[in-house]
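Below is one structure, written out as structure tokens; comments come after it.
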There are 2 protein chains.
Amino acid sequence: MSKEKRTLWPSEAAVSDVVGRLMEFWGFKRNMGRIWSVLYLSHAPLSAEDLRLSLKLSSGAVSMTLNELLRWGIVRKVWVQGERKDFYAAEVQLWRMISRVLSERERTEILSAVEAFEDALAQAKALRHSTDPETRERAELQIERIKMLLELAKLGKRLIDTFVATAKIDAEPLARFLLRHSPPPSS
Amino acid sequence: MSKEKRTLWPSEAAVSDVVGRLMEFWGFKRNMGRIWSVLYLSHAPLSAEDLRLSLKLSSGAVSMTLNELLRWGIVRKVWVQGERKDFYAAEVQLWRMISRVLSERERTEILSAVEAFEDALAQAKALRHSTDPETRERAELQIERIKMLLELAKLGKRLIDTFVATAKIDAEPLARFLLRHSPPPSS
DNA sequence: ATATTCTTTCAAATATTTCTGAAAAATGTA
DNA sequence: TACATTTTTCAGAAATATTTGAAAGAATAT
């Protein structure tokens, strides 16, 4: 599998292109998506060099990107008997992959947003009893609005938590998750 | 409101910082979030110049960013009697704002992904009857996997559609949407 | 019509992100 | 230990994204 597989099939090229774009859109590096895709569509684990050749990347880029993918739990290392180099395989459970990313991200992003909103709220509340009526009025408005943001952020957190929890126990949670809702409006 | 309001309150600075980061995280420009925040926390509409001064941006940046925000329906223009310049106000219905962005984005991103996956699937299917057994085997695997991706993309589309539809008819759809699910696992 | 004020545009400047490739480090082999 | 292979690191290069500021363009008032 390390001699022939140096050129991507059209289907592989197409998928790695879209997934690369989607991942980029999602805030990852495009190459993360491209590498994952090639692994995902491969019938056997691939080495860093396989990936380097089929995607025309530098060895450094492959190494760094693979490690990032490993950190996200989106790709894993695989032992191949008799081979010295490492081989890599894609996480094929899509929902698991997504839930991992979501939970990983919400921890850093949403939680820090919640904290920051709480701080801002406290700061606005401090002005509630200003002697200047204009200041008081503005403070009141800001308190209301920041509360909304805070609520929204917490709601987002809960949504992610729920999703992640569902994904953990259920083999096809995405479908269930969705189908619990009214049917889609238009197509 | 155009003379005094040149320095942000700490609460305003804090919120525009977080929201700026969140929006950047979400794939928008940081200044979109910052400008929106200042407007959102303002008790009166602000002019481009107000924003330029309080956020220390160039006039060009303010103009471009405001237009982008207008295009997303996240900010609207407001007439102020007796004033010549335009004034701007933030969309305060958060869920409406989000649903608009979601529906706008899914149209371009998810739909194009679905299409691309379908193409890739067709390409893989074309190899199903290759004379080479190895090729056939690989084609079968790819077909299975691409199908999963396609399903996932369609599911995502449906999720967004459902959300957007809910948001359209309901004043606090986010809450309902969420609360229909089991309570959050951890905090 | 002309002046004044405000908004937009856009090429150049900055800033940020991502990639390359060669050297260093690590890992295994004899 | 010495050697061969594989992986990682990282400074600089390249590619992208964002911002500036000045000039052009609109809009309104006189």
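Chain labels run A, B, ... following the order of the structure tokens; each chain numbers its residues from 1, and ligands are numbered from 1 in the order shown.
In chain A, the set of residues within 8 Å of chain C (atoms considered: only C-alpha atoms (C1' of nucleotides)) is Ser58, Gly60, Ala61 and Arg84 of chain A.
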### Those of range 39-118 of chain B in DSSP strand (DSSP E or B), formatted as a list of chain:residue names
B:Leu46, B:Ser47, B:Val75, B:Arg76, B:Lys77, B:Val78, B:Phe87, B:Tyr88, B:Ala89, B:Ala90
Could you please take those selected residues and save N, CA and C atoms as a tab-separated table (two decimals), in the first residue's frame?
```tsv
chain	number	residue	atom	x	y	z
B	46	LEU	N	-26.02	54.62	17.03
B	46	LEU	CA	-24.75	55.33	16.93
B	46	LEU	C	-24.39	55.58	15.46
B	47	SER	N	-23.60	56.59	15.25
B	47	SER	CA	-23.15	56.88	13.88
B	47	SER	C	-21.84	56.15	13.62
B	75	VAL	N	-27.38	44.14	12.00
B	75	VAL	CA	-27.42	45.56	12.36
B	75	VAL	C	-28.36	46.22	11.36
B	76	ARG	N	-29.08	47.24	11.81
B	76	ARG	CA	-29.90	47.96	10.83
B	76	ARG	C	-29.67	49.45	10.91
B	77	LYS	N	-29.99	50.11	9.81
B	77	LYS	CA	-29.87	51.56	9.78
B	77	LYS	C	-31.09	52.16	10.45
B	78	VAL	N	-30.87	53.29	11.05
B	78	VAL	CA	-31.96	53.95	11.77
B	78	VAL	C	-31.93	55.44	11.43
B	87	PHE	N	-27.45	56.45	11.18
B	87	PHE	CA	-27.23	55.86	12.49
B	87	PHE	C	-27.53	54.38	12.41
B	88	TYR	N	-26.92	53.65	13.31
B	88	TYR	CA	-27.03	52.19	13.26
B	88	TYR	C	-27.45	51.64	14.62
B	89	ALA	N	-28.23	50.58	14.55
B	89	ALA	CA	-28.65	49.90	15.78
B	89	ALA	C	-28.46	48.41	15.61
B	90	ALA	N	-28.19	47.74	16.69
B	90	ALA	CA	-27.98	46.29	16.63
B	90	ALA	C	-29.30	45.55	16.60
```
Contacts of Arg6 in chain B at 12 Å (only C-alpha atoms (C1' of nucleotides); same-chain gap of 2+ positions) as a PDB file with C-alpha atoms, in the first residue's frame:
```
ATOM      1  CA  MET B   1     -24.872  61.036  22.099  1.00  0.00           C
ATOM      2  CA  SER B   2     -22.086  61.871  19.758  1.00  0.00           C
ATOM      3  CA  LYS B   3     -19.978  63.992  22.019  1.00  0.00           C
ATOM      4  CA  GLU B   4     -19.608  62.055  25.228  1.00  0.00           C
ATOM      5  CA  LEU B   8     -16.208  52.639  26.239  1.00  0.00           C
ATOM      6  CA  TRP B   9     -17.287  51.646  29.685  1.00  0.00           C
ATOM      7  CA  GLU B  12     -18.747  47.603  26.994  1.00  0.00           C
ATOM      8  CA  ALA B  13     -15.094  46.976  26.373  1.00  0.00           C
ATOM      9  CA  VAL B  38     -21.107  48.449  21.070  1.00  0.00           C
ATOM     10  CA  LEU B  46     -24.746  55.335  16.928  1.00  0.00           C
ATOM     11  CA  SER B  47     -23.151  56.879  13.883  1.00  0.00           C
ATOM     12  CA  ALA B  48     -20.222  55.477  11.988  1.00  0.00           C
ATOM     13  CA  GLU B  49     -18.076  58.130  13.526  1.00  0.00           C
ATOM     14  CA  ASP B  50     -19.122  57.222  17.054  1.00  0.00           C
ATOM     15  CA  LEU B  51     -18.016  53.703  16.336  1.00  0.00           C
ATOM     16  CA  ARG B  52     -14.825  54.807  14.713  1.00  0.00           C
ATOM     17  CA  LEU B  53     -13.871  56.807  17.760  1.00  0.00           C
ATOM     18  CA  SER B  54     -14.902  54.396  20.445  1.00  0.00           C
ATOM     19  CA  LEU B  55     -13.260  51.420  18.790  1.00  0.00           C
ATOM     20  CA  LYS B  56     -10.341  53.291  17.243  1.00  0.00           C
TER      21      LYS B  56
END
```
What are the residues of chain B lining chain D at 12 Å or less? Count only C-alpha atoms (C1' of nucleotides), and put the answer as a PDB file with C-alpha atoms, in the first residue's frame.
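Produced file result_31.pdb, reproduced below:
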```pdb
ATOM      1  CA  GLU B  24     -13.961  35.487  14.942  1.00  0.00           C
ATOM      2  CA  GLY B  27     -15.648  32.717  11.042  1.00  0.00           C
ATOM      3  CA  PHE B  28     -16.488  36.379  11.007  1.00  0.00           C
ATOM      4  CA  LYS B  29     -14.199  39.298  11.364  1.00  0.00           C
ATOM      5  CA  ARG B  30     -13.461  40.305  14.887  1.00  0.00           C
ATOM      6  CA  ASN B  31     -14.547  43.856  14.254  1.00  0.00           C
ATOM      7  CA  MET B  32     -17.978  42.684  13.291  1.00  0.00           C
ATOM      8  CA  LYS B  56     -10.341  53.291  17.243  1.00  0.00           C
ATOM      9  CA  LEU B  57     -10.914  52.043  13.763  1.00  0.00           C
ATOM     10  CA  SER B  58     -10.414  53.713  10.429  1.00  0.00           C
ATOM     11  CA  SER B  59     -13.422  55.124   8.648  1.00  0.00           C
ATOM     12  CA  GLY B  60     -12.953  52.552   5.929  1.00  0.00           C
ATOM     13  CA  ALA B  61     -13.029  49.654   8.312  1.00  0.00           C
ATOM     14  CA  VAL B  62     -16.158  50.962   9.975  1.00  0.00           C
ATOM     15  CA  SER B  63     -17.902  51.443   6.687  1.00  0.00           C
ATOM     16  CA  MET B  64     -17.017  48.024   5.368  1.00  0.00           C
ATOM     17  CA  THR B  65     -17.795  46.241   8.577  1.00  0.00           C
ATOM     18  CA  GLY B  82     -32.597  66.184  12.198  1.00  0.00           C
ATOM     19  CA  GLU B  83     -29.397  64.255  11.670  1.00  0.00           C
ATOM     20  CA  ARG B  84     -27.756  64.010   8.350  1.00  0.00           C
ATOM     21  CA  LYS B  85     -25.578  61.033   8.876  1.00  0.00           C
ATOM     22  CA  ASP B  86     -26.762  57.484   9.149  1.00  0.00           C
TER      23      ASP B  86
END
```
Could you pull out the helix (DSSP H, G or I) residues of range 1-128 of chain A, going by DSSP on the backbone, and write them as a JSON list (two decimals) with N, CA and C atoms, in the first residue's frame?
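Contents of the output file out-v6.json:
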```json
[["chain", "number", "residue", "atom", "x", "y", "z"],
["A", 10, "PRO", "N", -10.31, 10.19, -8.21],
["A", 10, "PRO", "CA", -11.14, 11.40, -8.28],
["A", 10, "PRO", "C", -12.07, 11.51, -7.08],
["A", 11, "SER", "N", -12.63, 10.39, -6.67],
["A", 11, "SER", "CA", -13.53, 10.45, -5.52],
["A", 11, "SER", "C", -12.78, 10.90, -4.27],
["A", 12, "GLU", "N", -11.57, 10.43, -4.12],
["A", 12, "GLU", "CA", -10.78, 10.83, -2.96],
["A", 12, "GLU", "C", -10.41, 12.30, -3.02],
["A", 13, "ALA", "N", -10.00, 12.72, -4.20],
["A", 13, "ALA", "CA", -9.64, 14.12, -4.36],
["A", 13, "ALA", "C", -10.84, 15.02, -4.06],
["A", 14, "ALA", "N", -11.99, 14.61, -4.56],
["A", 14, "ALA", "CA", -13.19, 15.43, -4.37],
["A", 14, "ALA", "C", -13.54, 15.51, -2.89],
["A", 15, "VAL", "N", -13.55, 14.36, -2.23],
["A", 15, "VAL", "CA", -13.92, 14.37, -0.82],
["A", 15, "VAL", "C", -12.92, 15.16, 0.01],
["A", 16, "SER", "N", -11.64, 14.97, -0.28],
["A", 16, "SER", "CA", -10.69, 15.71, 0.56],
["A", 16, "SER", "C", -10.79, 17.20, 0.31],
["A", 17, "ASP", "N", -11.18, 17.54, -0.89],
["A", 17, "ASP", "CA", -11.38, 18.96, -1.15],
["A", 17, "ASP", "C", -12.55, 19.53, -0.33],
["A", 18, "VAL", "N", -13.70, 18.89, -0.41],
["A", 18, "VAL", "CA", -14.85, 19.40, 0.35],
["A", 18, "VAL", "C", -14.60, 19.38, 1.84],
["A", 19, "VAL", "N", -14.13, 18.25, 2.31],
["A", 19, "VAL", "CA", -13.94, 18.15, 3.76],
["A", 19, "VAL", "C", -12.90, 19.17, 4.21],
["A", 20, "GLY", "N", -11.89, 19.36, 3.38],
["A", 20, "GLY", "CA", -10.90, 20.38, 3.71],
["A", 20, "GLY", "C", -11.56, 21.75, 3.85],
["A", 21, "ARG", "N", -12.42, 22.05, 2.92],
["A", 21, "ARG", "CA", -13.11, 23.34, 3.00],
["A", 21, "ARG", "C", -14.01, 23.43, 4.21],
["A", 22, "LEU", "N", -14.75, 22.37, 4.45],
["A", 22, "LEU", "CA", -15.66, 22.38, 5.60],
["A", 22, "LEU", "C", -14.87, 22.58, 6.89],
["A", 23, "MET", "N", -13.77, 21.88, 6.99],
["A", 23, "MET", "CA", -12.99, 21.99, 8.22],
["A", 23, "MET", "C", -12.41, 23.38, 8.35],
["A", 24, "GLU", "N", -12.00, 23.93, 7.26],
["A", 24, "GLU", "CA", -11.47, 25.28, 7.29],
["A", 24, "GLU", "C", -12.57, 26.23, 7.77],
["A", 25, "PHE", "N", -13.73, 26.03, 7.23],
["A", 25, "PHE", "CA", -14.89, 26.80, 7.61],
["A", 25, "PHE", "C", -15.16, 26.67, 9.10],
["A", 30, "ARG", "N", -7.11, 23.64, 6.66],
["A", 30, "ARG", "CA", -7.64, 22.88, 5.53],
["A", 30, "ARG", "C", -6.97, 21.52, 5.42],
["A", 31, "ASN", "N", -5.68, 21.50, 5.66],
["A", 31, "ASN", "CA", -4.98, 20.22, 5.53],
["A", 31, "ASN", "C", -5.42, 19.18, 6.53],
["A", 32, "MET", "N", -5.98, 19.62, 7.64],
["A", 32, "MET", "CA", -6.50, 18.64, 8.58],
["A", 32, "MET", "C", -7.61, 17.86, 7.91],
["A", 33, "GLY", "N", -8.48, 18.57, 7.25],
["A", 33, "GLY", "CA", -9.58, 17.92, 6.56],
["A", 33, "GLY", "C", -9.11, 17.05, 5.41],
["A", 34, "ARG", "N", -8.11, 17.53, 4.71],
["A", 34, "ARG", "CA", -7.64, 16.76, 3.57],
["A", 34, "ARG", "C", -6.99, 15.46, 4.01],
["A", 35, "ILE", "N", -6.17, 15.56, 5.03],
["A", 35, "ILE", "CA", -5.51, 14.35, 5.51],
["A", 35, "ILE", "C", -6.52, 13.37, 6.10],
["A", 36, "TRP", "N", -7.41, 13.91, 6.90],
["A", 36, "TRP", "CA", -8.42, 13.01, 7.48],
["A", 36, "TRP", "C", -9.18, 12.29, 6.39],
["A", 37, "SER", "N", -9.56, 13.02, 5.36],
["A", 37, "SER", "CA", -10.35, 12.42, 4.28],
["A", 37, "SER", "C", -9.61, 11.28, 3.61],
["A", 38, "VAL", "N", -8.36, 11.50, 3.31],
["A", 38, "VAL", "CA", -7.61, 10.45, 2.63],
["A", 38, "VAL", "C", -7.55, 9.20, 3.51],
["A", 39, "LEU", "N", -7.35, 9.42, 4.79],
["A", 39, "LEU", "CA", -7.32, 8.27, 5.70],
["A", 39, "LEU", "C", -8.70, 7.62, 5.79],
["A", 40, "TYR", "N", -9.70, 8.44, 5.82],
["A", 40, "TYR", "CA", -11.07, 7.93, 5.97],
["A", 40, "TYR", "C", -11.48, 7.06, 4.80],
["A", 48, "ALA", "N", 2.95, 8.54, 7.11],
["A", 48, "ALA", "CA", 3.11, 9.97, 6.88],
["A", 48, "ALA", "C", 3.59, 10.22, 5.45],
["A", 49, "GLU", "N", 4.45, 9.35, 5.00],
["A", 49, "GLU", "CA", 4.98, 9.55, 3.66],
["A", 49, "GLU", "C", 3.91, 9.34, 2.59],
["A", 50, "ASP", "N", 3.07, 8.34, 2.79],
["A", 50, "ASP", "CA", 1.96, 8.15, 1.84],
["A", 50, "ASP", "C", 1.17, 9.44, 1.71],
["A", 51, "LEU", "N", 0.89, 10.02, 2.86],
["A", 51, "LEU", "CA", 0.08, 11.23, 2.86],
["A", 51, "LEU", "C", 0.84, 12.38, 2.21],
["A", 52, "ARG", "N", 2.10, 12.45, 2.52],
["A", 52, "ARG", "CA", 2.91, 13.52, 1.94],
["A", 52, "ARG", "C", 2.88, 13.45, 0.41],
["A", 53, "LEU", "N", 3.00, 12.24, -0.09],
["A", 53, "LEU", "CA", 3.03, 12.10, -1.54],
["A", 53, "LEU", "C", 1.67, 12.31, -2.17],
["A", 54, "SER", "N", 0.65, 11.73, -1.57],
["A", 54, "SER", "CA", -0.65, 11.85, -2.24],
["A", 54, "SER", "C", -1.23, 13.26, -2.14],
["A", 55, "LEU", "N", -0.86, 13.97, -1.11],
["A", 55, "LEU", "CA", -1.39, 15.34, -1.00],
["A", 55, "LEU", "C", -0.37, 16.41, -1.34],
["A", 59, "SER", "N", 7.05, 17.31, 4.53],
["A", 59, "SER", "CA", 7.05, 16.37, 5.66],
["A", 59, "SER", "C", 6.67, 17.10, 6.94],
["A", 60, "GLY", "N", 7.12, 18.32, 7.07],
["A", 60, "GLY", "CA", 6.79, 19.10, 8.27],
["A", 60, "GLY", "C", 5.30, 19.31, 8.41],
["A", 61, "ALA", "N", 4.67, 19.67, 7.33],
["A", 61, "ALA", "CA", 3.24, 19.91, 7.39],
["A", 61, "ALA", "C", 2.49, 18.64, 7.78],
["A", 62, "VAL", "N", 2.90, 17.52, 7.19],
["A", 62, "VAL", "CA", 2.23, 16.26, 7.50],
["A", 62, "VAL", "C", 2.40, 15.94, 8.98],
["A", 63, "SER", "N", 3.60, 16.07, 9.45],
["A", 63, "SER", "CA", 3.85, 15.77, 10.85],
["A", 63, "SER", "C", 3.01, 16.64, 11.78],
["A", 64, "MET", "N", 3.05, 17.92, 11.54],
["A", 64, "MET", "CA", 2.31, 18.83, 12.41],
["A", 64, "MET", "C", 0.82, 18.60, 12.33],
["A", 65, "THR", "N", 0.34, 18.40, 11.13],
["A", 65, "THR", "CA", -1.09, 18.23, 10.97],
["A", 65, "THR", "C", -1.56, 16.92, 11.60],
["A", 66, "LEU", "N", -0.78, 15.86, 11.39],
["A", 66, "LEU", "CA", -1.17, 14.59, 11.99],
["A", 66, "LEU", "C", -1.23, 14.71, 13.51],
["A", 67, "ASN", "N", -0.27, 15.39, 14.07],
["A", 67, "ASN", "CA", -0.29, 15.51, 15.52],
["A", 67, "ASN", "C", -1.49, 16.30, 16.01],
["A", 68, "GLU", "N", -1.85, 17.28, 15.23],
["A", 68, "GLU", "CA", -3.02, 18.05, 15.61],
["A", 68, "GLU", "C", -4.27, 17.16, 15.55],
["A", 69, "LEU", "N", -4.34, 16.37, 14.49],
["A", 69, "LEU", "CA", -5.47, 15.46, 14.35],
["A", 69, "LEU", "C", -5.49, 14.44, 15.48],
["A", 70, "LEU", "N", -4.33, 13.98, 15.86],
["A", 70, "LEU", "CA", -4.25, 13.02, 16.96],
["A", 70, "LEU", "C", -4.75, 13.67, 18.24],
["A", 71, "ARG", "N", -4.34, 14.92, 18.45],
["A", 71, "ARG", "CA", -4.76, 15.61, 19.66],
["A", 71, "ARG", "C", -6.27, 15.76, 19.72],
["A", 94, "LEU", "N", -18.26, 9.21, 12.85],
["A", 94, "LEU", "CA", -18.37, 10.65, 12.63],
["A", 94, "LEU", "C", -18.96, 11.38, 13.82],
["A", 95, "TRP", "N", -20.02, 10.84, 14.38],
["A", 95, "TRP", "CA", -20.68, 11.54, 15.49],
["A", 95, "TRP", "C", -19.76, 11.65, 16.69],
["A", 96, "ARG", "N", -18.96, 10.60, 16.87],
["A", 96, "ARG", "CA", -18.04, 10.61, 18.00],
["A", 96, "ARG", "C", -16.99, 11.71, 17.82],
["A", 97, "MET", "N", -16.53, 11.80, 16.60],
["A", 97, "MET", "CA", -15.54, 12.80, 16.24],
["A", 97, "MET", "C", -16.10, 14.20, 16.50],
["A", 98, "ILE", "N", -17.29, 14.42, 16.02],
["A", 98, "ILE", "CA", -17.90, 15.73, 16.16],
["A", 98, "ILE", "C", -18.15, 16.06, 17.62],
["A", 99, "SER", "N", -18.62, 15.08, 18.34],
["A", 99, "SER", "CA", -18.93, 15.38, 19.74],
["A", 99, "SER", "C", -17.64, 15.67, 20.50],
["A", 100, "ARG", "N", -16.58, 15.01, 20.11],
["A", 100, "ARG", "CA", -15.33, 15.29, 20.78],
["A", 100, "ARG", "C", -14.87, 16.72, 20.50],
["A", 101, "VAL", "N", -14.98, 17.10, 19.27],
["A", 101, "VAL", "CA", -14.57, 18.45, 18.92],
["A", 101, "VAL", "C", -15.45, 19.49, 19.61],
["A", 102, "LEU", "N", -16.74, 19.22, 19.58],
["A", 102, "LEU", "CA", -17.66, 20.16, 20.23],
["A", 102, "LEU", "C", -17.33, 20.31, 21.70],
["A", 103, "SER", "N", -17.16, 19.19, 22.35],
["A", 103, "SER", "CA", -16.97, 19.28, 23.81],
["A", 103, "SER", "C", -15.63, 19.91, 24.13],
["A", 104, "GLU", "N", -14.67, 19.65, 23.30],
["A", 104, "GLU", "CA", -13.35, 20.22, 23.50],
["A", 104, "GLU", "C", -13.41, 21.73, 23.31],
["A", 105, "ARG", "N", -14.13, 22.14, 22.28],
["A", 105, "ARG", "CA", -14.20, 23.55, 21.97],
["A", 105, "ARG", "C", -15.04, 24.33, 22.94],
["A", 106, "GLU", "N", -16.19, 23.78, 23.30],
["A", 106, "GLU", "CA", -17.06, 24.54, 24.18],
["A", 106, "GLU", "C", -16.37, 24.81, 25.49],
["A", 107, "ARG", "N", -15.57, 23.83, 25.92],
["A", 107, "ARG", "CA", -14.87, 24.05, 27.18],
["A", 107, "ARG", "C", -14.10, 25.37, 27.12],
["A", 108, "THR", "N", -13.32, 25.52, 26.08],
["A", 108, "THR", "CA", -12.50, 26.74, 26.03],
["A", 108, "THR", "C", -13.29, 27.97, 25.61],
["A", 109, "GLU", "N", -14.08, 27.84, 24.57],
["A", 109, "GLU", "CA", -14.74, 29.04, 24.06],
["A", 109, "GLU", "C", -15.95, 29.50, 24.86],
["A", 110, "ILE", "N", -16.93, 28.63, 24.94],
["A", 110, "ILE", "CA", -18.16, 29.06, 25.63],
["A", 110, "ILE", "C", -17.90, 29.34, 27.09],
["A", 111, "LEU", "N", -17.16, 28.47, 27.75],
["A", 111, "LEU", "CA", -16.94, 28.71, 29.17],
["A", 111, "LEU", "C", -16.26, 30.05, 29.40],
["A", 112, "SER", "N", -15.31, 30.36, 28.56],
["A", 112, "SER", "CA", -14.63, 31.64, 28.80],
["A", 112, "SER", "C", -15.55, 32.80, 28.46],
["A", 113, "ALA", "N", -16.43, 32.58, 27.50],
["A", 113, "ALA", "CA", -17.39, 33.64, 27.19],
["A", 113, "ALA", "C", -18.33, 33.86, 28.38],
["A", 114, "VAL", "N", -18.80, 32.78, 28.94],
["A", 114, "VAL", "CA", -19.71, 32.89, 30.09],
["A", 114, "VAL", "C", -19.04, 33.67, 31.21],
["A", 115, "GLU", "N", -17.82, 33.31, 31.47],
["A", 115, "GLU", "CA", -17.09, 34.01, 32.52],
["A", 115, "GLU", "C", -16.98, 35.50, 32.23],
["A", 116, "ALA", "N", -16.59, 35.79, 31.00],
["A", 116, "ALA", "CA", -16.40, 37.19, 30.63],
["A", 116, "ALA", "C", -17.72, 37.96, 30.71],
["A", 117, "PHE", "N", -18.79, 37.33, 30.31],
["A", 117, "PHE", "CA", -20.09, 38.01, 30.39],
["A", 117, "PHE", "C", -20.44, 38.26, 31.85],
["A", 118, "GLU", "N", -20.14, 37.29, 32.68],
["A", 118, "GLU", "CA", -20.44, 37.48, 34.10],
["A", 118, "GLU", "C", -19.64, 38.66, 34.67],
["A", 119, "ASP", "N", -18.40, 38.74, 34.29],
["A", 119, "ASP", "CA", -17.60, 39.88, 34.73],
["A", 119, "ASP", "C", -18.20, 41.20, 34.26],
["A", 120, "ALA", "N", -18.53, 41.21, 32.98],
["A", 120, "ALA", "CA", -19.07, 42.45, 32.42],
["A", 120, "ALA", "C", -20.36, 42.82, 33.13],
["A", 121, "LEU", "N", -21.15, 41.81, 33.43],
["A", 121, "LEU", "CA", -22.41, 42.05, 34.14],
["A", 121, "LEU", "C", -22.14, 42.69, 35.49],
["A", 122, "ALA", "N", -21.17, 42.17, 36.17],
["A", 122, "ALA", "CA", -20.84, 42.72, 37.49],
["A", 122, "ALA", "C", -20.39, 44.18, 37.35],
["A", 123, "GLN", "N", -19.62, 44.42, 36.33],
["A", 123, "GLN", "CA", -19.16, 45.80, 36.13],
["A", 123, "GLN", "C", -20.31, 46.74, 35.84],
["A", 124, "ALA", "N", -21.26, 46.26, 35.06],
["A", 124, "ALA", "CA", -22.41, 47.12, 34.76],
["A", 124, "ALA", "C", -23.24, 47.34, 36.02],
["A", 125, "LYS", "N", -23.36, 46.30, 36.80],
["A", 125, "LYS", "CA", -24.16, 46.41, 38.02],
["A", 125, "LYS", "C", -23.57, 47.42, 38.99],
["A", 126, "ALA", "N", -22.26, 47.54, 38.92],
["A", 126, "ALA", "CA", -21.60, 48.48, 39.82],
["A", 126, "ALA", "C", -22.04, 49.92, 39.56]]
```
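Take the candidates B:Lys147, B:His43, B:Trp79, B:Thr7 and check each one against chain A using only C-alpha atoms; the shortest distance goes to B:His43.
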#### Entry: Straight-line distance linking CA of Ser42 in chain B with CA of Leu159 in chain A, stated in Å to one decimal
29.2 Å
### Query
Quick one: of B:Phe163, B:Lys168, B:Leu41, B:Val80, who's nearest to Met148 in chain A, counting only C-alpha atoms?
B:Leu41
### Task
For CA of Arg145 in chain B and CA of Ile169 in chain A, quote the distance in Å rounded to one decimal.
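So the two atoms, CA of Arg145 in chain B and CA of Ile169 in chain A, lie 22.2 Å apart.
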### Message
Please report the interatomic distance between CA of Gln93 in chain A and CA of Thr166 in chain A in Å with one decimal.
### Response
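Computing it gives 14.1 Å between the two atoms.
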